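J.: Sharing structure-v6.cif, mmCIF, C-alpha atoms:
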```
data_structure
loop_
_atom_site.group_PDB
_atom_site.id
_atom_site.type_symbol
_atom_site.label_atom_id
_atom_site.label_comp_id
_atom_site.auth_asym_id
_atom_site.auth_seq_id
_atom_site.Cartn_x
_atom_site.Cartn_y
_atom_site.Cartn_z
ATOM 1 C CA MET E 1 254.354 -39.010 9.235
ATOM 2 C CA GLU E 2 253.629 -35.615 10.798
ATOM 3 C CA VAL E 3 250.336 -34.500 12.356
ATOM 4 C CA GLU E 4 249.645 -30.884 11.417
ATOM 5 C CA GLY E 5 246.466 -30.460 13.435
ATOM 6 C CA ARG E 6 242.863 -31.477 13.993
ATOM 7 C CA LEU E 7 239.954 -30.575 11.698
ATOM 8 C CA LEU E 8 237.712 -28.708 14.123
ATOM 9 C CA GLU E 9 234.573 -29.338 12.040
ATOM 10 C CA SER E 10 235.096 -33.106 12.216
ATOM 11 C CA SER E 11 232.851 -35.029 14.614
ATOM 12 C CA ASN E 12 235.373 -37.888 14.777
ATOM 13 C CA ARG E 13 238.564 -35.899 15.451
ATOM 14 C CA ALA E 14 240.047 -36.250 11.988
ATOM 15 C CA LEU E 15 243.683 -35.155 11.746
ATOM 16 C CA ARG E 16 245.517 -33.576 8.832
ATOM 17 C CA THR E 17 248.897 -35.197 8.329
ATOM 18 C CA VAL E 18 251.884 -34.952 6.023
ATOM 19 C CA LEU E 19 253.199 -38.287 4.750
ATOM 20 C CA HIS E 20 256.847 -38.507 3.705
ATOM 21 C CA LEU E 21 258.585 -41.165 1.630
ATOM 22 C CA SER E 22 262.164 -40.283 0.637
ATOM 23 C CA ASP E 23 261.827 -36.986 -1.244
ATOM 24 C CA ALA E 24 258.079 -37.359 -1.907
ATOM 25 C CA GLN E 25 255.371 -36.053 0.387
ATOM 26 C CA THR E 26 251.620 -35.560 0.375
ATOM 27 C CA ARG E 27 248.963 -34.384 2.800
ATOM 28 C CA ALA E 28 246.305 -36.788 4.031
ATOM 29 C CA ILE E 29 243.312 -36.889 6.348
ATOM 30 C CA TYR E 30 243.849 -39.436 9.109
ATOM 31 C CA LYS E 31 240.756 -40.823 10.853
ATOM 32 C CA PRO E 32 241.781 -43.051 13.767
ATOM 33 C CA ALA E 33 239.284 -45.775 14.649
ATOM 34 C CA VAL E 34 239.799 -45.068 18.361
ATOM 35 C CA THR E 35 238.341 -41.532 18.045
ATOM 36 C CA GLU E 36 235.210 -42.573 16.134
ATOM 37 C CA ARG E 37 232.046 -41.391 17.845
ATOM 38 C CA PRO E 38 229.769 -44.391 18.548
ATOM 39 C CA LEU E 39 226.614 -44.546 16.400
ATOM 40 C CA TRP E 40 223.486 -46.472 17.326
ATOM 41 C CA ASP E 41 223.072 -48.012 13.869
ATOM 42 C CA PHE E 42 226.671 -48.742 12.794
ATOM 43 C CA PRO E 43 229.080 -51.196 14.442
ATOM 44 C CA ASP E 44 231.724 -49.457 16.567
ATOM 45 C CA GLY E 45 235.159 -48.982 15.068
ATOM 46 C CA THR E 46 234.123 -49.620 11.447
ATOM 47 C CA LEU E 47 233.907 -46.132 9.917
ATOM 48 C CA ALA E 48 237.516 -46.125 8.708
ATOM 49 C CA HIS E 49 236.885 -49.435 6.932
ATOM 50 C CA ARG E 50 233.861 -47.909 5.190
ATOM 51 C CA GLU E 51 235.968 -44.985 3.982
ATOM 52 C CA VAL E 52 238.313 -47.466 2.286
ATOM 53 C CA ALA E 53 235.403 -49.538 0.921
ATOM 54 C CA ALA E 54 233.918 -46.404 -0.687
ATOM 55 C CA TYR E 55 237.228 -45.745 -2.448
ATOM 56 C CA ALA E 56 237.334 -49.362 -3.670
ATOM 57 C CA VAL E 57 233.829 -49.109 -5.193
ATOM 58 C CA SER E 58 234.577 -45.686 -6.701
ATOM 59 C CA GLU E 59 237.634 -47.104 -8.441
ATOM 60 C CA ALA E 60 235.982 -50.373 -9.518
ATOM 61 C CA GLY E 61 233.134 -48.502 -11.169
ATOM 62 C CA GLY E 62 235.307 -45.782 -12.663
ATOM 63 C CA TRP E 63 233.631 -42.919 -10.788
ATOM 64 C CA GLY E 64 236.945 -41.401 -9.674
ATOM 65 C CA LEU E 65 235.022 -39.550 -6.966
ATOM 66 C CA VAL E 66 236.805 -40.671 -3.778
ATOM 67 C CA PRO E 67 240.457 -39.668 -3.253
ATOM 68 C CA PRO E 68 242.945 -42.517 -2.692
ATOM 69 C CA THR E 69 242.192 -44.025 0.723
ATOM 70 C CA ILE E 70 244.036 -46.744 2.660
ATOM 71 C CA LEU E 71 244.100 -48.393 6.078
ATOM 72 C CA ARG E 72 247.269 -48.251 8.156
ATOM 73 C CA GLU E 73 248.676 -47.561 11.605
ATOM 74 C CA GLY E 74 249.194 -43.958 12.652
ATOM 75 C CA PRO E 75 250.161 -42.025 15.780
ATOM 76 C CA ALA E 76 246.700 -42.644 17.285
ATOM 77 C CA GLY E 77 246.474 -46.230 16.068
ATOM 78 C CA HIS E 78 244.672 -48.010 13.238
ATOM 79 C CA GLY E 79 242.678 -45.793 10.896
ATOM 80 C CA SER E 80 242.041 -44.544 7.378
ATOM 81 C CA PHE E 81 244.308 -42.175 5.461
ATOM 82 C CA GLN E 82 242.822 -40.253 2.537
ATOM 83 C CA GLN E 83 244.721 -37.970 0.205
ATOM 84 C CA TRP E 84 244.058 -34.295 0.960
ATOM 85 C CA ILE E 85 242.545 -32.412 -1.987
ATOM 86 C CA GLU E 86 243.122 -28.681 -2.247
ATOM 87 C CA SER E 87 240.225 -26.556 -3.465
ATOM 88 C CA PRO E 88 240.666 -23.035 -4.878
ATOM 89 C CA VAL E 89 237.026 -22.212 -4.063
ATOM 90 C CA ALA E 90 235.758 -23.906 -0.924
ATOM 91 C CA THR E 91 237.288 -23.564 2.524
ATOM 92 C CA GLU E 92 236.966 -26.197 5.219
ATOM 93 C CA GLY E 93 233.335 -26.699 6.226
ATOM 94 C CA GLU E 94 231.901 -24.825 3.220
ATOM 95 C CA ALA E 95 230.205 -26.136 0.116
ATOM 96 C CA ASP E 96 231.537 -25.215 -3.303
ATOM 97 C CA ALA E 97 229.264 -22.458 -4.649
ATOM 98 C CA ALA E 98 229.506 -23.968 -8.144
ATOM 99 C CA LEU E 99 227.826 -27.130 -6.857
ATOM 100 C CA LEU E 100 225.228 -26.276 -4.211
ATOM 101 C CA ALA E 101 223.514 -23.089 -3.084
ATOM 102 C CA ILE E 102 220.750 -21.629 -0.924
ATOM 103 C CA LEU E 103 218.807 -19.162 -3.088
ATOM 104 C CA PRO E 104 215.670 -17.016 -3.072
ATOM 105 C CA PRO E 105 212.937 -18.885 -5.011
ATOM 106 C CA ASP E 106 213.052 -16.451 -7.941
ATOM 107 C CA GLU E 107 216.839 -16.832 -8.341
ATOM 108 C CA VAL E 108 216.981 -20.550 -9.195
ATOM 109 C CA ALA E 109 218.469 -20.171 -12.686
ATOM 110 C CA ASP E 110 218.616 -22.555 -15.618
ATOM 111 C CA GLY E 111 221.212 -25.225 -14.976
ATOM 112 C CA TRP E 112 220.199 -25.595 -11.320
ATOM 113 C CA LEU E 113 217.832 -28.151 -9.802
ATOM 114 C CA PRO E 114 215.757 -27.378 -6.686
ATOM 115 C CA VAL E 115 215.884 -29.946 -3.897
ATOM 116 C CA LEU E 116 213.744 -28.500 -1.115
ATOM 117 C CA ASP E 117 212.001 -25.373 0.110
ATOM 118 C CA ALA E 118 213.168 -23.917 3.394
ATOM 119 C CA GLN E 119 213.314 -20.731 5.450
ATOM 120 C CA GLY E 120 216.266 -18.430 5.965
ATOM 121 C CA PRO E 121 217.405 -16.926 9.309
ATOM 122 C CA ALA E 122 214.703 -14.228 9.172
ATOM 123 C CA GLY E 123 211.972 -16.622 8.064
ATOM 124 C CA GLU E 124 212.329 -15.652 4.410
ATOM 125 C CA PRO E 125 211.607 -18.381 1.824
ATOM 126 C CA VAL E 126 214.672 -19.981 0.255
ATOM 127 C CA VAL E 127 215.386 -22.937 -2.004
ATOM 128 C CA VAL E 128 218.223 -25.426 -1.577
ATOM 129 C CA ALA E 129 219.442 -26.300 -5.079
ATOM 130 C CA HIS E 130 222.353 -28.004 -6.784
ATOM 131 C CA ALA E 131 223.923 -27.636 -10.198
ATOM 132 C CA ASP E 132 222.695 -29.857 -13.025
ATOM 133 C CA ARG E 133 226.141 -31.249 -13.831
ATOM 134 C CA PRO E 134 227.001 -34.700 -15.211
ATOM 135 C CA ASP E 135 229.741 -35.240 -12.615
ATOM 136 C CA LEU E 136 227.373 -34.327 -9.791
ATOM 137 C CA ALA E 137 224.722 -36.672 -11.208
ATOM 138 C CA SER E 138 227.295 -39.464 -11.220
ATOM 139 C CA ALA E 139 228.077 -38.682 -7.578
ATOM 140 C CA ALA E 140 224.361 -39.118 -6.828
ATOM 141 C CA VAL E 141 224.458 -42.564 -8.462
ATOM 142 C CA PHE E 142 227.552 -43.491 -6.479
ATOM 143 C CA ASP E 143 225.840 -42.428 -3.245
ATOM 144 C CA ALA E 144 222.865 -44.658 -4.068
ATOM 145 C CA VAL E 145 225.245 -47.574 -4.637
ATOM 146 C CA VAL E 146 227.136 -47.176 -1.353
ATOM 147 C CA ASN E 147 223.988 -46.180 0.577
ATOM 148 C CA ASN E 148 225.521 -42.893 1.723
ATOM 149 C CA ALA E 149 223.731 -41.693 4.843
ATOM 150 C CA ASP E 150 225.497 -38.322 4.988
ATOM 151 C CA ARG E 151 226.046 -36.529 1.652
ATOM 152 C CA LYS E 152 226.318 -32.991 2.966
ATOM 153 C CA GLY E 153 227.144 -30.002 0.801
ATOM 154 C CA SER E 154 230.553 -29.632 2.459
ATOM 155 C CA HIS E 155 231.459 -33.193 1.420
ATOM 156 C CA LEU E 156 231.852 -32.169 -2.222
ATOM 157 C CA LEU E 157 234.379 -29.861 -3.860
ATOM 158 C CA LEU E 158 236.113 -29.040 -7.137
ATOM 159 C CA ASP E 159 239.900 -29.029 -7.332
ATOM 160 C CA ALA E 160 241.973 -26.545 -9.321
ATOM 161 C CA ALA E 161 241.481 -28.615 -12.494
ATOM 162 C CA GLY E 162 237.697 -28.675 -12.045
ATOM 163 C CA HIS E 163 237.546 -32.347 -11.005
ATOM 164 C CA LEU E 164 234.761 -33.255 -8.557
ATOM 165 C CA TRP E 165 235.736 -35.035 -5.339
ATOM 166 C CA GLY E 166 233.599 -36.494 -2.563
ATOM 167 C CA PHE E 167 234.617 -37.016 1.072
ATOM 168 C CA ASP E 168 233.436 -38.422 4.407
ATOM 169 C CA HIS E 169 232.085 -41.849 3.517
ATOM 170 C CA GLY E 170 232.213 -43.321 7.011
ATOM 171 C CA VAL E 171 228.450 -43.868 7.281
ATOM 172 C CA THR E 172 227.961 -45.943 4.162
ATOM 173 C CA PHE E 173 227.191 -49.560 3.202
ATOM 174 C CA HIS E 174 224.567 -50.177 5.882
ATOM 175 C CA SER E 175 222.428 -53.204 5.043
ATOM 176 C CA GLU E 176 219.241 -51.146 5.577
ATOM 177 C CA PRO E 177 218.226 -48.263 3.253
ATOM 178 C CA LYS E 178 219.693 -45.039 4.673
ATOM 179 C CA LEU E 179 220.348 -42.757 1.693
ATOM 180 C CA ARG E 180 220.446 -39.145 2.930
ATOM 181 C CA THR E 181 221.717 -36.581 0.471
ATOM 182 C CA LEU E 182 221.291 -33.097 -0.964
ATOM 183 C CA LEU E 183 221.522 -34.522 -4.501
ATOM 184 C CA TRP E 184 217.847 -35.359 -5.109
ATOM 185 C CA GLY E 185 217.404 -33.111 -8.158
ATOM 186 C CA TRP E 186 217.407 -36.044 -10.611
ATOM 187 C CA ALA E 187 215.049 -38.285 -8.588
ATOM 188 C CA GLY E 188 213.071 -40.562 -10.895
ATOM 189 C CA ARG E 189 214.961 -39.567 -14.044
ATOM 190 C CA SER E 190 216.680 -42.060 -16.326
ATOM 191 C CA LEU E 191 220.263 -42.895 -15.410
ATOM 192 C CA PRO E 192 222.983 -41.712 -17.829
ATOM 193 C CA GLU E 193 224.487 -44.403 -20.038
ATOM 194 C CA SER E 194 227.889 -43.721 -18.491
ATOM 195 C CA ASP E 195 226.584 -44.572 -15.031
ATOM 196 C CA LEU E 196 224.752 -47.645 -16.257
ATOM 197 C CA ALA E 197 228.136 -48.828 -17.554
ATOM 198 C CA ARG E 198 229.718 -48.090 -14.160
ATOM 199 C CA LEU E 199 226.972 -50.042 -12.414
ATOM 200 C CA GLU E 200 227.518 -52.970 -14.764
ATOM 201 C CA SER E 201 231.255 -52.936 -14.008
ATOM 202 C CA VAL E 202 230.574 -53.068 -10.268
ATOM 203 C CA HIS E 203 227.939 -55.778 -10.768
ATOM 204 C CA GLN E 204 230.376 -57.960 -12.684
ATOM 205 C CA ALA E 205 233.079 -57.476 -10.052
ATOM 206 C CA LEU E 206 230.679 -58.338 -7.225
ATOM 207 C CA SER E 207 229.429 -61.418 -9.092
ATOM 208 C CA ASP E 208 232.958 -62.847 -8.997
ATOM 209 C CA THR E 209 233.804 -63.746 -5.402
ATOM 210 C CA ASP E 210 237.492 -63.875 -6.368
ATOM 211 C CA SER E 211 237.600 -60.406 -7.928
ATOM 212 C CA GLU E 212 239.757 -57.744 -6.310
ATOM 213 C CA LEU E 213 236.668 -55.736 -5.327
ATOM 214 C CA SER E 214 234.916 -58.723 -3.741
ATOM 215 C CA ARG E 215 238.027 -59.635 -1.758
ATOM 216 C CA GLN E 216 238.496 -56.047 -0.595
ATOM 217 C CA LEU E 217 234.898 -55.626 0.516
ATOM 218 C CA THR E 218 234.817 -58.991 2.264
ATOM 219 C CA SER E 219 237.717 -57.832 4.425
ATOM 220 C CA LEU E 220 236.166 -54.418 5.139
ATOM 221 C CA LEU E 221 232.404 -54.970 5.530
ATOM 222 C CA LEU E 222 229.949 -57.415 7.072
ATOM 223 C CA ALA E 223 228.581 -60.189 4.860
ATOM 224 C CA ASP E 224 225.022 -58.793 4.920
ATOM 225 C CA GLU E 225 226.366 -55.361 3.931
ATOM 226 C CA VAL E 226 228.120 -56.792 0.868
ATOM 227 C CA ALA E 227 224.919 -58.681 -0.037
ATOM 228 C CA ALA E 228 222.884 -55.465 0.313
ATOM 229 C CA LEU E 229 225.390 -53.664 -1.920
ATOM 230 C CA ARG E 230 224.867 -56.295 -4.632
ATOM 231 C CA HIS E 231 221.097 -55.889 -4.289
ATOM 232 C CA ARG E 232 221.286 -52.088 -4.660
ATOM 233 C CA VAL E 233 223.414 -52.348 -7.803
ATOM 234 C CA VAL E 234 221.021 -54.859 -9.372
ATOM 235 C CA ALA E 235 218.002 -52.734 -8.392
ATOM 236 C CA LEU E 236 219.513 -49.634 -10.020
ATOM 237 C CA LEU E 237 220.317 -51.579 -13.193
ATOM 238 C CA ASP E 238 216.795 -53.042 -13.303
ATOM 239 C CA SER E 239 215.046 -49.684 -12.800
ATOM 240 C CA GLY E 240 217.478 -47.628 -14.883
ATOM 241 C CA ARG E 241 216.453 -44.575 -12.853
ATOM 242 C CA PHE E 242 217.752 -42.371 -10.069
ATOM 243 C CA PRO E 243 216.202 -43.383 -6.746
ATOM 244 C CA ARG E 244 213.512 -41.314 -5.067
ATOM 245 C CA PRO E 245 213.478 -40.378 -1.367
ATOM 246 C CA ARG E 246 212.063 -43.082 0.877
ATOM 247 C CA ASP E 247 208.668 -42.679 2.523
ATOM 248 C CA GLU E 248 210.130 -43.459 5.949
ATOM 249 C CA GLY E 249 213.119 -41.825 7.622
ATOM 250 C CA PRO E 250 214.872 -38.530 6.783
ATOM 251 C CA ALA E 251 216.075 -38.072 3.199
ATOM 252 C CA ILE E 252 218.251 -35.010 3.932
ATOM 253 C CA PRO E 253 221.363 -35.111 6.189
ATOM 254 C CA TRP E 254 221.468 -32.824 9.208
ATOM 255 C CA PRO E 255 223.038 -30.404 9.237
ATOM 256 C CA PRO E 256 222.827 -30.252 5.427
ATOM 257 C CA TRP E 257 226.125 -28.324 5.098
#
```
Show me this structure written as structure tokens.

T.:
Amino acid sequence: MEVEGRLLESSNRALRTVLHLSDAQTRAIYKPAVTERPLWDFPDGTLAHREVAAYAVSEAGGWGLVPPTILREGPAGHGSFQQWIESPVATEGEADAALLAILPPDEVADGWLPVLDAQGPAGEPVVVAHADRPDLASAAVFDAVVNNADRKGSHLLLDAAGHLWGFDHGVTFHSEPKLRTLLWGWAGRSLPESDLARLESVHQALSDTDSELSRQLTSLLLADEVAALRHRVVALLDSGRFPRPRDEGPAIPWPPW
């Protein structure tokens, strides 16, 4: 394992590493638990576990959104390792322009969904919008499932093959509602059949305490957080609709990008 350097935009001192095994190698993002910044509403030293839990749910439901993520020991101690995904469009700290954009109000074209009105640096009116894409809609469903409190624009990108990936799932799975995201464009709309099927797959896995997903989450999360996850999945299946922003608390992460 080699550490190439620190991601300067990361608030928790994430490190980019190269992992070697015989002749094979891959890059990964290493997030040591010891460098996690304490948060008032999440238990200390648990963000790496939540990164791995998000990958487990993504795989169990068939979202394929979160890159392979594991727990292991590294140069700075115990932490999460997530496969590094190269993007031909976005650079570190930037959102992919094919997914999210800040636009003048009269330039929100067909195929884009407005999220909020805002002001630019000179006080000019702008609109924050995201693309109306099936893969992005599925990411919004996934975020509702894992209770993602920090879906920024820079946490999404397309790889060279056009596959959508999502990153930075350390502040997820809280037992209280905390969904903060830029992907509100479908709020209140009916869920796609494909995502209803994904929700049903996760529901079945969570209903079996001996399933691989249940065993994984029990080792990674608190008992009340796993119970809240089950409740969110059932609530989404019962409503059949994308959630709407809550009346209390912020619905948009800050900073949004």

J.: Quick one: residues within 12 Å of Ser190 in chain E, all atoms listed in the file counted, chain neighbours fewer than 5 positions away excluded, as a list in words?

T.: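 That gives Ala137, Val141, Asp195, Leu196, Leu236, Leu237, Asp238, Ser239, Gly240, Arg241, Phe242, Pro243 and Arg244 of chain E.
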
J.: Once you count all atoms listed in the file, what closest atom pair and distance in Å to one decimal does each residue of range 136-230 of chain E within 12 Å of range 70-80 of chain E have, with rows by chain and rising residue number, as a tab-separated table?

T.:
```
residue	atom	partner	partner_atom	distance
E:Asp168	CA	E:Ser80	CA	11.0
E:His169	CA	E:Ser80	CA	11.0
E:Gly170	CA	E:Ser80	CA	9.9
E:Gln216	CA	E:Ile70	CA	11.3
E:Ser219	CA	E:Leu71	CA	11.5
E:Leu220	CA	E:Leu71	CA	10.0
```

J.: As JSON, please report the centre and edge lengths, rounded to one decimal in Å, of the axis-aligned box that holds all listed atoms of range 120-135 of chain E with 5 Å of padding on each of the six sides.

T.:
```
{"center_x": 220.7, "center_y": -24.7, "center_z": -3.0, "size_x": 28.1, "size_y": 31.0, "size_z": 34.5}
```

J.: Any idea what the distance is between CA of Pro68 in chain E and CA of Arg50 in chain E?

T.: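 Spanning CA of Pro68 in chain E to CA of Arg50 in chain E is a straight-line distance of 13.2 Å.
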
J.: Can you list, as a PyMOL selection string, the residues that the PyMOL selection byres ((chain E and resi 33) around 10) selects here?

T.: chain E and resi 12-14+30-32+34-37+44-49+76-80

J.: Skipping near chain neighbours, those fewer than 4 positions away, what residues fall within 10 Å of Leu21 in chain E using all atoms listed in the file, listed as number ranges by chain?

T.: E: 1, 25-26

J.: Please, what distance in Å, to one decimal, runs between CA of Ser175 in chain E and CA of Pro134 in chain E?

T.: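 Going from CA of Ser175 in chain E over to CA of Pro134 in chain E covers 27.8 Å.
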
J.: Using all atoms listed in the file, collect all residues at a distance of at most 12 Å from (222.1, -49.8, 14.7) as written in the file, then present them as a short mmCIF file (atom, residue, chain, number, x, y, z; two decimals) with C-alpha atoms, in the frame of the given file.

T.:
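The file below, part_27.cif, is the result:
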```
data_model
loop_
_atom_site.label_atom_id
_atom_site.label_comp_id
_atom_site.auth_asym_id
_atom_site.auth_seq_id
_atom_site.Cartn_x
_atom_site.Cartn_y
_atom_site.Cartn_z
CA PRO E 38 229.77 -44.39 18.55
CA LEU E 39 226.61 -44.55 16.40
CA TRP E 40 223.49 -46.47 17.33
CA ASP E 41 223.07 -48.01 13.87
CA PHE E 42 226.67 -48.74 12.79
CA PRO E 43 229.08 -51.20 14.44
CA ASP E 44 231.72 -49.46 16.57
CA VAL E 171 228.45 -43.87 7.28
CA HIS E 174 224.57 -50.18 5.88
CA SER E 175 222.43 -53.20 5.04
CA GLU E 176 219.24 -51.15 5.58
CA LYS E 178 219.69 -45.04 4.67
#
```

J.: Quick one, how far is CA of Val128 in chain E from CA of Leu182 in chain E?

T.: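 Going from CA of Val128 in chain E over to CA of Leu182 in chain E covers 8.3 Å.
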
J.: Check which residues satisfy the PyMOL selection byres ((chain E and resi 99) around 12) in the file shown, then give them as a PyMOL selection string.

T.: chain E and resi 89-90+94-98+100-102+111-113+128-137+139+152-158+162-166+182-183

J.: May I have the protein, DNA and RNA residues with any atom at most 8 Å from the point (224.1, -51.4, -6.8), counting all atoms listed in the file, written as an NGL selection string?

T.: :E and (144-146 or 199 or 202-203 or 229-237)

J.: For this structure, which residues satisfy the selection - the PyMOL selection byres ((chain E and resi 116) around 12) - when it is evaluated on the file as given? I want them as an mmCIF file with C-alpha atoms, in the frame of the given file.

T.:
```
data_model
loop_
_atom_site.group_PDB
_atom_site.id
_atom_site.type_symbol
_atom_site.label_atom_id
_atom_site.label_comp_id
_atom_site.auth_asym_id
_atom_site.auth_seq_id
_atom_site.Cartn_x
_atom_site.Cartn_y
_atom_site.Cartn_z
ATOM 1 C CA ALA E 101 223.514 -23.089 -3.084
ATOM 2 C CA ILE E 102 220.750 -21.629 -0.924
ATOM 3 C CA LEU E 103 218.807 -19.162 -3.088
ATOM 4 C CA PRO E 104 215.670 -17.016 -3.072
ATOM 5 C CA PRO E 105 212.937 -18.885 -5.011
ATOM 6 C CA VAL E 108 216.981 -20.550 -9.195
ATOM 7 C CA LEU E 113 217.832 -28.151 -9.802
ATOM 8 C CA PRO E 114 215.757 -27.378 -6.686
ATOM 9 C CA VAL E 115 215.884 -29.946 -3.897
ATOM 10 C CA ASP E 117 212.001 -25.373 0.110
ATOM 11 C CA ALA E 118 213.168 -23.917 3.394
ATOM 12 C CA GLN E 119 213.314 -20.731 5.450
ATOM 13 C CA PRO E 125 211.607 -18.381 1.824
ATOM 14 C CA VAL E 126 214.672 -19.981 0.255
ATOM 15 C CA VAL E 127 215.386 -22.937 -2.004
ATOM 16 C CA VAL E 128 218.223 -25.426 -1.577
ATOM 17 C CA ALA E 129 219.442 -26.300 -5.079
ATOM 18 C CA HIS E 130 222.353 -28.004 -6.784
ATOM 19 C CA THR E 181 221.717 -36.581 0.471
ATOM 20 C CA LEU E 182 221.291 -33.097 -0.964
ATOM 21 C CA LEU E 183 221.522 -34.522 -4.501
ATOM 22 C CA TRP E 184 217.847 -35.359 -5.109
ATOM 23 C CA GLY E 185 217.404 -33.111 -8.158
ATOM 24 C CA PRO E 245 213.478 -40.378 -1.367
ATOM 25 C CA ALA E 251 216.075 -38.072 3.199
ATOM 26 C CA ILE E 252 218.251 -35.010 3.932
ATOM 27 C CA PRO E 256 222.827 -30.252 5.427
#
```

J.: From the block you just saw, export range 168-190 of chain E: N, CA and C atoms, as a PDB file, in the first residue's frame.

T.:
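Done, and the output landed in part_36.pdb:
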```
ATOM      1  N   ASP E 168     -18.701   9.642  -0.745  1.00  0.00           N
ATOM      2  CA  ASP E 168     -18.809  10.353   0.532  1.00  0.00           C
ATOM      3  C   ASP E 168     -20.130  10.064   1.236  1.00  0.00           C
ATOM      4  N   HIS E 169     -20.230   8.846   1.753  1.00  0.00           N
ATOM      5  CA  HIS E 169     -21.437   8.428   2.468  1.00  0.00           C
ATOM      6  C   HIS E 169     -21.169   8.250   3.962  1.00  0.00           C
ATOM      7  N   GLY E 170     -20.284   9.078   4.510  1.00  0.00           N
ATOM      8  CA  GLY E 170     -19.959   8.966   5.920  1.00  0.00           C
ATOM      9  C   GLY E 170     -21.063   9.432   6.849  1.00  0.00           C
ATOM     10  N   VAL E 171     -21.867  10.408   6.405  1.00  0.00           N
ATOM     11  CA  VAL E 171     -22.948  10.911   7.265  1.00  0.00           C
ATOM     12  C   VAL E 171     -24.287  10.366   6.751  1.00  0.00           C
ATOM     13  N   THR E 172     -24.446   9.091   6.942  1.00  0.00           N
ATOM     14  CA  THR E 172     -25.646   8.372   6.526  1.00  0.00           C
ATOM     15  C   THR E 172     -26.142   7.499   7.681  1.00  0.00           C
ATOM     16  N   PHE E 173     -27.347   6.951   7.509  1.00  0.00           N
ATOM     17  CA  PHE E 173     -27.916   5.950   8.417  1.00  0.00           C
ATOM     18  C   PHE E 173     -28.242   6.480   9.815  1.00  0.00           C
ATOM     19  N   HIS E 174     -28.335   7.799   9.981  1.00  0.00           N
ATOM     20  CA  HIS E 174     -28.758   8.291  11.292  1.00  0.00           C
ATOM     21  C   HIS E 174     -30.180   7.821  11.562  1.00  0.00           C
ATOM     22  N   SER E 175     -30.512   7.600  12.824  1.00  0.00           N
ATOM     23  CA  SER E 175     -31.850   7.116  13.162  1.00  0.00           C
ATOM     24  C   SER E 175     -32.916   8.214  13.028  1.00  0.00           C
ATOM     25  N   GLU E 176     -32.481   9.486  13.022  1.00  0.00           N
ATOM     26  CA  GLU E 176     -33.415  10.598  12.835  1.00  0.00           C
ATOM     27  C   GLU E 176     -33.384  11.062  11.378  1.00  0.00           C
ATOM     28  N   PRO E 177     -34.506  11.590  10.849  1.00  0.00           N
ATOM     29  CA  PRO E 177     -34.521  12.061   9.461  1.00  0.00           C
ATOM     30  C   PRO E 177     -33.517  13.195   9.246  1.00  0.00           C
ATOM     31  N   LYS E 178     -32.617  13.019   8.273  1.00  0.00           N
ATOM     32  CA  LYS E 178     -31.585  14.024   8.015  1.00  0.00           C
ATOM     33  C   LYS E 178     -31.296  14.183   6.526  1.00  0.00           C
ATOM     34  N   LEU E 179     -32.196  13.790   5.662  1.00  0.00           N
ATOM     35  CA  LEU E 179     -31.918  13.811   4.225  1.00  0.00           C
ATOM     36  C   LEU E 179     -31.654  15.235   3.749  1.00  0.00           C
ATOM     37  N   ARG E 180     -30.431  15.471   3.269  1.00  0.00           N
ATOM     38  CA  ARG E 180     -30.031  16.748   2.676  1.00  0.00           C
ATOM     39  C   ARG E 180     -29.379  16.444   1.335  1.00  0.00           C
ATOM     40  N   THR E 181     -29.946  16.991   0.281  1.00  0.00           N
ATOM     41  CA  THR E 181     -29.514  16.605  -1.059  1.00  0.00           C
ATOM     42  C   THR E 181     -29.839  17.706  -2.061  1.00  0.00           C
ATOM     43  N   LEU E 182     -29.134  17.668  -3.192  1.00  0.00           N
ATOM     44  CA  LEU E 182     -29.494  18.536  -4.322  1.00  0.00           C
ATOM     45  C   LEU E 182     -30.442  17.839  -5.284  1.00  0.00           C
ATOM     46  N   LEU E 183     -30.821  16.602  -5.003  1.00  0.00           N
ATOM     47  CA  LEU E 183     -31.639  15.824  -5.945  1.00  0.00           C
ATOM     48  C   LEU E 183     -33.108  15.823  -5.533  1.00  0.00           C
ATOM     49  N   TRP E 184     -33.711  17.011  -5.444  1.00  0.00           N
ATOM     50  CA  TRP E 184     -35.118  17.121  -5.052  1.00  0.00           C
ATOM     51  C   TRP E 184     -36.048  17.274  -6.253  1.00  0.00           C
ATOM     52  N   GLY E 185     -35.533  17.196  -7.459  1.00  0.00           N
ATOM     53  CA  GLY E 185     -36.360  17.492  -8.638  1.00  0.00           C
ATOM     54  C   GLY E 185     -37.538  16.569  -8.841  1.00  0.00           C
ATOM     55  N   TRP E 186     -37.497  15.357  -8.261  1.00  0.00           N
ATOM     56  CA  TRP E 186     -38.593  14.395  -8.431  1.00  0.00           C
ATOM     57  C   TRP E 186     -39.515  14.345  -7.211  1.00  0.00           C
ATOM     58  N   ALA E 187     -39.352  15.242  -6.263  1.00  0.00           N
ATOM     59  CA  ALA E 187     -40.093  15.189  -4.997  1.00  0.00           C
ATOM     60  C   ALA E 187     -41.587  15.019  -5.237  1.00  0.00           C
ATOM     61  N   GLY E 188     -42.164  14.002  -4.607  1.00  0.00           N
ATOM     62  CA  GLY E 188     -43.596  13.753  -4.710  1.00  0.00           C
ATOM     63  C   GLY E 188     -44.014  12.923  -5.902  1.00  0.00           C
ATOM     64  N   ARG E 189     -43.113  12.678  -6.840  1.00  0.00           N
ATOM     65  CA  ARG E 189     -43.458  11.878  -8.019  1.00  0.00           C
ATOM     66  C   ARG E 189     -43.445  10.384  -7.686  1.00  0.00           C
ATOM     67  N   SER E 190     -44.091   9.610  -8.531  1.00  0.00           N
ATOM     68  CA  SER E 190     -44.112   8.157  -8.343  1.00  0.00           C
ATOM     69  C   SER E 190     -42.716   7.580  -8.544  1.00  0.00           C
TER      70      SER E 190
END
```
